[in-house]
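Visitor: This is target18.txt (compact mmCIF, C-alpha atoms).
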```txt
# COMPACT_ATOMS: atom_id res chain seq x y z
CA ASP A 1 -34.19 198.19 -94.85
CA GLU A 2 -33.22 201.83 -94.17
CA GLU A 3 -36.60 202.99 -95.48
CA GLY A 4 -38.53 200.77 -93.09
CA LYS A 5 -39.66 198.26 -95.73
CA GLU A 6 -39.57 194.49 -95.22
CA LEU A 7 -36.66 192.79 -96.95
CA SER A 8 -37.55 190.30 -99.69
CA GLY A 9 -36.67 186.68 -98.97
CA VAL A 10 -36.87 187.09 -95.19
CA ASP A 11 -39.45 184.97 -93.33
CA TYR A 12 -40.53 187.35 -90.59
CA ALA A 13 -42.95 184.73 -89.25
CA GLU A 14 -39.87 183.10 -87.71
CA ASP A 15 -38.83 186.31 -85.92
CA PHE A 16 -39.33 187.02 -82.23
CA PHE A 17 -42.49 189.09 -82.85
CA GLY A 18 -43.60 187.19 -85.95
CA LYS A 19 -43.25 190.37 -88.03
CA ALA A 20 -40.75 193.07 -88.89
CA ALA A 21 -40.10 195.31 -85.90
CA PHE A 22 -37.86 198.23 -84.94
CA LEU A 23 -36.46 197.88 -81.45
CA THR A 24 -34.63 199.89 -78.82
CA VAL A 25 -32.42 198.71 -75.99
CA SER A 26 -31.53 200.33 -72.70
CA GLY A 27 -30.09 203.84 -72.83
CA GLN A 28 -27.63 202.99 -70.07
CA LEU A 29 -24.36 203.04 -72.01
CA GLY A 30 -25.29 206.40 -73.51
CA GLY A 31 -26.39 207.56 -70.06
CA GLU A 32 -22.89 206.89 -68.77
CA THR A 33 -21.46 209.43 -71.22
CA HIS A 34 -23.83 212.09 -69.91
CA ALA A 35 -23.22 211.19 -66.26
CA CYS A 36 -19.47 211.50 -66.70
CA ALA A 37 -20.01 214.98 -68.14
CA LEU A 38 -22.92 216.28 -66.06
CA GLY A 39 -22.90 214.30 -62.80
CA ASP A 40 -26.29 212.76 -62.06
CA VAL A 41 -28.64 212.07 -64.98
CA TYR A 42 -31.53 209.78 -65.83
CA THR A 43 -33.37 208.51 -68.89
CA PHE A 44 -36.96 207.29 -69.22
CA GLY A 45 -37.95 205.42 -72.33
CA PRO A 46 -38.96 202.11 -73.93
CA THR A 47 -36.64 199.13 -73.60
CA PHE A 48 -36.67 195.85 -75.50
CA ARG A 49 -35.79 192.49 -73.96
CA ALA A 50 -35.60 189.32 -76.10
CA GLU A 51 -36.73 186.99 -73.33
CA ASN A 52 -39.17 184.32 -74.50
CA SER A 53 -41.18 184.65 -71.29
CA GLN A 54 -44.96 184.32 -71.37
CA THR A 55 -45.51 185.18 -67.71
CA THR A 56 -47.64 187.71 -65.84
CA ARG A 57 -44.55 189.77 -64.99
CA HIS A 58 -42.67 189.95 -68.31
CA LEU A 59 -43.01 192.23 -71.32
CA ALA A 60 -40.85 192.12 -74.43
CA GLU A 61 -40.91 195.93 -74.46
CA PHE A 62 -41.37 198.04 -71.34
CA TRP A 63 -40.53 201.52 -70.08
CA MET A 64 -37.56 201.96 -67.79
CA VAL A 65 -36.35 204.73 -65.48
CA GLU A 66 -32.53 204.65 -65.55
CA PRO A 67 -30.54 206.95 -63.25
CA GLU A 68 -26.79 207.13 -63.81
CA MET A 69 -24.59 208.80 -61.19
CA ALA A 70 -20.98 209.96 -61.29
CA PHE A 71 -18.77 209.62 -58.19
CA ALA A 72 -20.98 206.75 -56.97
CA ASP A 73 -20.48 203.11 -56.00
CA LEU A 74 -22.89 200.20 -55.52
CA THR A 75 -23.92 201.38 -52.05
CA SER A 76 -24.76 204.79 -53.51
CA ALA A 77 -26.94 203.14 -56.15
CA MET A 78 -28.79 201.07 -53.54
CA ASP A 79 -29.28 204.13 -51.33
CA ASN A 80 -30.66 206.09 -54.28
CA ALA A 81 -32.99 203.31 -55.43
CA GLU A 82 -34.36 202.85 -51.92
CA ALA A 83 -34.93 206.59 -51.48
CA MET A 84 -36.63 206.89 -54.87
CA LEU A 85 -39.00 203.97 -54.26
CA LYS A 86 -39.87 205.23 -50.78
CA ALA A 87 -40.56 208.72 -52.17
CA CYS A 88 -42.68 207.39 -55.02
CA VAL A 89 -44.75 205.05 -52.86
CA GLY A 90 -45.04 207.73 -50.17
CA ASP A 91 -46.49 210.18 -52.71
CA VAL A 92 -49.02 207.58 -53.86
CA ILE A 93 -50.12 206.92 -50.27
CA GLU A 94 -50.41 210.66 -49.59
CA LYS A 95 -52.21 211.69 -52.77
CA CYS A 96 -54.08 208.61 -54.04
CA GLY A 97 -55.81 207.19 -50.97
CA GLU A 98 -59.12 206.69 -52.76
CA ASP A 99 -57.47 204.73 -55.55
CA LEU A 100 -55.55 202.55 -53.10
CA GLU A 101 -58.80 201.82 -51.26
CA PHE A 102 -60.33 200.70 -54.58
CA PHE A 103 -57.33 198.51 -55.47
CA GLY A 104 -57.31 197.01 -51.99
CA LYS A 105 -60.99 196.15 -52.25
CA PHE A 106 -60.92 194.56 -55.71
CA PHE A 107 -57.34 193.43 -56.35
CA ASP A 108 -55.23 193.01 -53.23
CA LYS A 109 -56.58 193.32 -49.70
CA GLY A 110 -53.10 193.59 -48.20
CA LEU A 111 -51.94 196.31 -50.58
CA LYS A 112 -52.06 199.33 -48.29
CA ALA A 113 -50.24 197.56 -45.44
CA ARG A 114 -47.53 196.38 -47.83
CA LEU A 115 -46.99 199.87 -49.23
CA ASP A 116 -46.89 201.39 -45.75
CA LYS A 117 -44.12 198.92 -44.88
CA VAL A 118 -42.09 199.99 -47.94
CA VAL A 119 -42.08 203.58 -46.72
CA SER A 120 -41.49 202.91 -43.02
CA LYS A 121 -39.11 199.92 -42.97
CA PRO A 122 -35.44 199.99 -44.09
CA PHE A 123 -34.75 197.65 -47.01
CA VAL A 124 -32.81 194.49 -46.22
CA ARG A 125 -29.41 194.04 -47.90
CA CYS A 126 -28.32 190.44 -48.51
CA GLU A 127 -25.27 189.15 -50.35
CA TYR A 128 -25.98 186.73 -53.20
CA ARG A 129 -23.95 183.97 -51.50
CA ASP A 130 -26.14 184.26 -48.38
CA ALA A 131 -29.31 184.29 -50.48
CA ILE A 132 -28.23 181.03 -52.14
CA LYS A 133 -27.54 179.50 -48.73
CA TYR A 134 -30.98 180.50 -47.41
CA LEU A 135 -32.67 179.09 -50.51
CA GLN A 136 -30.76 175.80 -50.35
CA GLU A 137 -31.76 175.34 -46.72
CA GLU A 138 -35.42 176.03 -47.50
CA ILE A 139 -35.60 173.91 -50.66
CA ALA A 140 -33.99 170.95 -48.87
CA LYS A 141 -37.07 170.74 -46.62
CA ASP A 142 -39.29 169.77 -49.59
CA PRO A 143 -37.84 170.12 -53.11
CA SER A 144 -41.17 169.06 -54.66
CA LYS A 145 -42.70 172.44 -53.78
CA TRP A 146 -40.31 174.25 -56.11
CA GLN A 147 -40.37 174.52 -59.87
CA PHE A 148 -36.61 175.15 -59.90
CA PRO A 149 -35.16 173.29 -56.89
CA ASP A 150 -31.55 173.22 -58.14
CA VAL A 151 -29.90 176.30 -56.67
CA GLU A 152 -26.16 176.86 -56.36
CA PHE A 153 -23.58 179.60 -56.72
CA GLY A 154 -24.01 180.78 -60.31
CA THR A 155 -27.76 180.20 -60.47
CA ASP A 156 -29.75 183.06 -62.00
CA LEU A 157 -32.55 183.43 -59.47
CA ALA A 158 -36.05 182.61 -60.76
CA THR A 159 -39.18 184.51 -59.77
CA GLU A 160 -40.10 181.90 -57.15
CA HIS A 161 -36.68 182.33 -55.52
CA GLU A 162 -36.93 186.13 -55.56
CA ARG A 163 -40.43 186.16 -54.11
CA TRP A 164 -39.56 183.68 -51.36
CA LEU A 165 -36.68 185.91 -50.26
CA ALA A 166 -38.83 189.07 -50.25
CA GLU A 167 -42.12 187.62 -48.99
CA THR A 168 -41.13 184.77 -46.67
CA LYS A 169 -37.50 184.99 -45.62
CA PHE A 170 -37.35 188.74 -44.99
CA ASP A 171 -40.97 189.95 -45.39
CA SER A 172 -39.46 193.12 -46.79
CA ALA A 173 -38.03 194.76 -49.86
CA VAL A 174 -34.52 193.30 -50.14
CA PHE A 175 -31.39 194.14 -52.13
CA VAL A 176 -29.49 191.05 -53.26
CA TYR A 177 -25.99 192.13 -54.28
CA ASN A 178 -22.54 190.90 -55.36
CA TYR A 179 -23.75 188.51 -58.06
CA PRO A 180 -21.50 186.02 -59.88
CA LYS A 181 -19.65 187.57 -62.79
CA SER A 182 -20.77 184.69 -65.04
CA ILE A 183 -24.45 185.72 -65.02
CA LYS A 184 -24.07 189.49 -65.26
CA ALA A 185 -23.17 191.99 -67.98
CA PHE A 186 -19.64 192.90 -69.07
CA TYR A 187 -19.84 196.53 -67.90
CA MET A 188 -20.35 195.67 -64.20
CA ARG A 189 -17.35 196.28 -61.96
CA ASP A 190 -15.42 193.20 -60.77
CA ASN A 191 -15.15 192.81 -57.02
CA ASP A 192 -11.54 193.00 -55.87
CA GLU A 193 -12.26 191.07 -52.67
CA ASP A 194 -12.79 187.72 -54.45
CA GLY A 195 -10.58 188.20 -57.49
CA GLY A 196 -13.46 189.11 -59.78
CA GLU A 197 -15.58 186.02 -59.15
CA THR A 198 -18.45 188.38 -58.37
CA VAL A 199 -19.39 191.85 -59.61
CA ASN A 200 -20.75 194.97 -57.91
CA ALA A 201 -24.31 194.31 -59.04
CA MET A 202 -27.63 194.39 -57.22
CA ASP A 203 -31.29 193.54 -57.72
CA LEU A 204 -34.09 194.97 -55.59
CA LEU A 205 -36.73 192.34 -54.84
CA VAL A 206 -40.14 193.32 -53.50
CA PRO A 207 -43.03 191.22 -52.14
CA GLY A 208 -45.67 190.38 -54.70
CA VAL A 209 -43.51 191.10 -57.73
CA GLY A 210 -39.94 189.89 -57.34
CA GLU A 211 -37.29 191.95 -59.13
CA LEU A 212 -38.19 195.62 -59.46
CA VAL A 213 -34.76 197.24 -59.88
CA GLY A 214 -31.47 196.02 -61.30
CA GLY A 215 -28.21 197.95 -61.22
CA SER A 216 -24.48 198.00 -60.67
CA GLN A 217 -21.32 199.98 -60.23
CA ARG A 218 -19.78 200.30 -63.69
CA GLU A 219 -16.30 199.04 -64.54
CA GLU A 220 -14.27 202.24 -64.80
CA ARG A 221 -10.87 200.51 -65.20
CA MET A 222 -10.19 200.37 -68.93
CA ASP A 223 -7.76 197.43 -68.89
CA VAL A 224 -10.18 195.28 -66.90
CA LEU A 225 -13.11 196.27 -69.11
CA VAL A 226 -11.25 195.44 -72.34
CA GLU A 227 -10.27 192.01 -71.02
CA LYS A 228 -13.88 191.25 -70.05
CA MET A 229 -15.08 192.28 -73.51
CA LYS A 230 -12.53 190.00 -75.17
CA GLU A 231 -13.59 187.09 -72.94
CA LEU A 232 -17.14 187.54 -74.23
CA ASP A 233 -16.02 187.91 -77.88
CA LEU A 234 -17.28 191.48 -78.07
CA ASP A 235 -15.69 193.60 -80.78
CA VAL A 236 -13.75 196.28 -78.92
CA GLU A 237 -13.92 198.56 -81.96
CA ASP A 238 -17.72 198.65 -81.72
CA TYR A 239 -17.40 200.20 -78.27
CA TRP A 240 -14.64 202.74 -78.99
CA TRP A 241 -16.75 205.64 -77.69
CA TYR A 242 -17.61 203.74 -74.50
CA LEU A 243 -13.96 202.93 -73.88
CA ASP A 244 -13.05 206.60 -74.44
CA LEU A 245 -14.88 207.34 -71.19
CA ARG A 246 -12.06 205.40 -69.51
CA ARG A 247 -9.18 206.07 -71.91
CA PHE A 248 -8.90 209.75 -71.03
CA GLY A 249 -9.64 209.45 -67.32
CA SER A 250 -12.79 208.39 -65.51
CA VAL A 251 -14.56 208.41 -62.19
CA PRO A 252 -16.37 205.70 -60.22
CA HIS A 253 -19.96 205.69 -61.41
CA ALA A 254 -23.05 203.55 -60.90
CA GLY A 255 -26.66 203.30 -61.95
CA TYR A 256 -29.74 201.15 -62.16
CA GLY A 257 -32.95 200.57 -64.09
CA LEU A 258 -36.45 200.48 -62.65
CA GLY A 259 -39.15 198.79 -64.73
CA PHE A 260 -42.01 201.28 -64.78
CA GLU A 261 -44.79 198.78 -65.49
CA ARG A 262 -43.60 196.53 -62.68
CA LEU A 263 -43.74 199.53 -60.37
CA VAL A 264 -47.33 200.18 -61.51
CA THR A 265 -48.34 196.58 -60.86
CA TYR A 266 -46.67 196.70 -57.44
CA VAL A 267 -48.27 199.96 -56.32
CA CYS A 268 -51.69 199.08 -57.70
CA GLY A 269 -51.78 195.43 -56.69
CA ILE A 270 -52.31 194.31 -60.30
CA GLU A 271 -51.46 190.68 -61.04
CA ASN A 272 -50.72 190.84 -64.78
CA ILE A 273 -48.16 193.32 -66.08
CA ARG A 274 -49.93 193.46 -69.45
CA ASP A 275 -52.68 195.40 -67.69
CA ALA A 276 -50.17 198.10 -66.73
CA ILE A 277 -49.30 199.26 -70.26
CA ALA A 278 -51.49 200.53 -73.09
CA PHE A 279 -50.13 198.26 -75.84
CA PRO A 280 -48.29 195.24 -74.41
CA ARG A 281 -45.60 193.67 -76.60
CA TYR A 282 -44.65 190.07 -75.90
CA PRO A 283 -43.23 187.14 -77.93
CA GLY A 284 -45.31 186.82 -81.08
CA ASN A 285 -47.07 190.17 -80.63
CA ALA A 286 -45.93 193.69 -81.50
CA GLU A 287 -49.14 195.42 -82.54
CA PHE A 288 -49.52 199.22 -82.52
```
Written as C-alpha cells, that's how I'd like the structure from this file.

Guide:
Amino acid sequence: DEEGKELSGVDYAEDFFGKAAFLTVSGQLGGETHACALGDVYTFGPTFRAENSQTTRHLAEFWMVEPEMAFADLTSAMDNAEAMLKACVGDVIEKCGEDLEFFGKFFDKGLKARLDKVVSKPFVRCEYRDAIKYLQEEIAKDPSKWQFPDVEFGTDLATEHERWLAETKFDSAVFVYNYPKSIKAFYMRDNDEDGGETVNAMDLLVPGVGELVGGSQREERMDVLVEKMKELDLDVEDYWWYLDLRRFGSVPHAGYGLGFERLVTYVCGIENIRDAIAFPRYPGNAEF
C-alpha cells in the first residue's frame, strides 16, 4: 500500500521476485522533457526489467546511463555512443593498466587486445535486414549448432545471434539499426523510407557480451505517435505530459541507454554479470 506494507490477501510468493517489491523503470521519458528544455542531458540510476532470464548477462534490476539529446537523429545517437564507449575504455586502458593485467591473467587472456581494438577501430554499422541475411546464410550451413536457428525479418535477436555478428562476422563492435517496428517500443520514430515497417532504432553489440547499448530517435510527430499508442492499446490520457512535448512544438531528438554492469563485465572480462553489482536482483530474488 502507500505506506509500504504488504496488502492482505495477496500471495506475493507468486510475484516476479517472490516478495513485495518497489520498482523503478527507465528515466527515458522523463529525460526527454529535460532534453527538450535544456538540450543534452543524461540520467544514471537503477532500472527494472521484468525479463524471466536466468543467464550470466541478465539482471532484473541494473543501473543504466541514459543520454538524451535534442536536435539529434539516430546517426547522432550512434556517434555519441561510439565516442562515449571509446572514451571510457580509453581511460581504463590509460589509468588502470595493472588491473587489466590482472583481469587478463585470471579472467580473459584476450581482454587487453579486445579493448585496444574498441578504441582504435571504427564501429561497424549494419542494417537489421542485412544482419538477418548474414545470420540466415550462416545458420543454413549447420542449423544444429544454434539454439535458435529460426531467424527471419521480425526476429528479436538472441544473444547467440548478437555475439556471432560481433565476434565472428565483423570481429568488431557493431551497431545494428533500423529494427522492425513490431519488436520495438512505441516511442521510436517510424522510418519514412519503408512506410513505417522499421523504426529508427539501434543496438550496439560488442564481442564477449552482445548488446551493450540500445537506443533510438524518438517519434516527434504527435499524430504518428498517438496512432502508434492506440495500436498498442495504450491509454493516451496516461501520457498527456509526454504528448505535450509534441503538442506545442518539438524538435528531433534521440537517446540511448547503456547498461552499466554490462560495461563493467565487458571492460573487466568478467563472465557473470551478477559479479559486477553489489546486490544482484534476478527472478525470485530481491534481497537488500

Visitor: So how far away is CA of Lys181 (chain A) from CA of Gly196 (chain A), in Å?

Guide: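 CA of Lys181 (chain A) lies at a distance of 7.1 Å from CA of Gly196 (chain A).
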
Visitor: How many Å separate CA of Cys88 (chain A) from CA of Val206 (chain A)?

Guide: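 These atoms are spaced 14.4 Å apart.
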
Visitor: Hey, can you check how far CA of Phe288 (chain A) sits from CA of Leu23 (chain A)?

Guide: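 These two atoms are separated by 13.2 Å.
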
Visitor: For Asp150 (chain A), please output as a short mmCIF file (atom, residue, chain, number, x, y, z; two decimals) with C-alpha atoms, in the frame of the given file all residues within 10 Å (counting all atoms listed in the file; exclusion window: fewer than 5 positions along the same chain).

Guide:
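Here's the written file out_11.cif:
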```cif
data_model
loop_
_atom_site.label_atom_id
_atom_site.label_comp_id
_atom_site.auth_asym_id
_atom_site.auth_seq_id
_atom_site.Cartn_x
_atom_site.Cartn_y
_atom_site.Cartn_z
CA LEU A 135 -32.67 179.09 -50.51
CA GLN A 136 -30.76 175.80 -50.35
CA ILE A 139 -35.60 173.91 -50.66
CA ALA A 140 -33.99 170.95 -48.87
CA PRO A 143 -37.84 170.12 -53.11
CA THR A 155 -27.76 180.20 -60.47
#
```

Visitor: So which one's closest to Glu167 (chain A), A:Pro252, A:Gly208, A:Gly90, A:Gly110? Using only C-alpha atoms, please.

Guide: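 Closest candidate: A:Gly208.
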
Visitor: Tell me which of A:Met229, A:Leu234, A:Val89, A:Ala131 sits closest to Leu205 (chain A), counting all atoms listed in the file.

Guide: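 Between A:Met229, A:Leu234, A:Val89, A:Ala131, the residue approaching Leu205 (chain A) most closely is A:Ala131.
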
Visitor: Can you pull out every residue within 10 Å of Val226 (chain A), counting all atoms listed in the file, but drop anything in the same chain fewer than 6 positions away, and send it as a compact mmCIF listing (two decimals) with C-alpha atoms, in the coordinates of the input?

Guide:
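So selection.txt came out as:
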```
# COMPACT_ATOMS: atom_id res chain seq x y z
CA PHE A 186 -19.64 192.90 -69.07
CA TYR A 187 -19.84 196.53 -67.90
CA GLU A 219 -16.30 199.04 -64.54
CA LEU A 234 -17.28 191.48 -78.07
CA ASP A 235 -15.69 193.60 -80.78
CA VAL A 236 -13.75 196.28 -78.92
CA TYR A 239 -17.40 200.20 -78.27
CA LEU A 243 -13.96 202.93 -73.88
```

Visitor: Considering all atoms listed in the file, return as a PDB file with C-alpha atoms, keeping the file's coordinate frame whatever protein or nucleic-acid residues lie within 7 Å of Gly154 (chain A), sequence-local ones (same chain, fewer than 3 positions apart) excluded.

Guide:
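The result, written out as part-v7.pdb:
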```pdb
ATOM      1  CA  PRO A 180     -21.500 186.020 -59.880  1.00  0.00           C
ATOM      2  CA  SER A 182     -20.770 184.690 -65.040  1.00  0.00           C
ATOM      3  CA  ILE A 183     -24.450 185.720 -65.020  1.00  0.00           C
TER       4      ILE A 183
END
```

Visitor: Point out the residue among A:Gly45, A:Gly195, A:Gly284, A:Gly269 with the least atom-to-atom distance to Asp108 (chain A), counting only C-alpha atoms.

Guide: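 Result for the nearest residue to Asp108 (chain A): A:Gly269.
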
Visitor: For a cut-off of 10 Å around (-30.4, 200.1, -55.3), file coordinates, pick out all residues using all atoms listed in the file and list them as JSON, numbers by chain.

Guide: {"A": [74, 75, 76, 77, 78, 79, 80, 81, 82, 83, 84, 85, 123, 125, 174, 175, 176, 177, 201, 202, 203, 204, 212, 213, 214, 215, 216, 254, 255, 256, 257, 258]}

Visitor: Could you list, as a short mmCIF file (atom, residue, chain, number, x, y, z; two decimals) with C-alpha atoms, keeping the file's coordinate frame, every residue within 12 Å of Leu38 (chain A), counting only C-alpha atoms and ignoring same-chain residues fewer than 3 positions away?

Guide:
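Here's the written file result.cif:
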```cif
data_model
loop_
_atom_site.label_atom_id
_atom_site.label_comp_id
_atom_site.auth_asym_id
_atom_site.auth_seq_id
_atom_site.Cartn_x
_atom_site.Cartn_y
_atom_site.Cartn_z
CA GLY A 31 -26.39 207.56 -70.06
CA GLU A 32 -22.89 206.89 -68.77
CA THR A 33 -21.46 209.43 -71.22
CA HIS A 34 -23.83 212.09 -69.91
CA ALA A 35 -23.22 211.19 -66.26
CA VAL A 41 -28.64 212.07 -64.98
CA TYR A 42 -31.53 209.78 -65.83
CA GLU A 68 -26.79 207.13 -63.81
CA MET A 69 -24.59 208.80 -61.19
CA ALA A 70 -20.98 209.96 -61.29
CA PHE A 71 -18.77 209.62 -58.19
CA HIS A 253 -19.96 205.69 -61.41
#
```
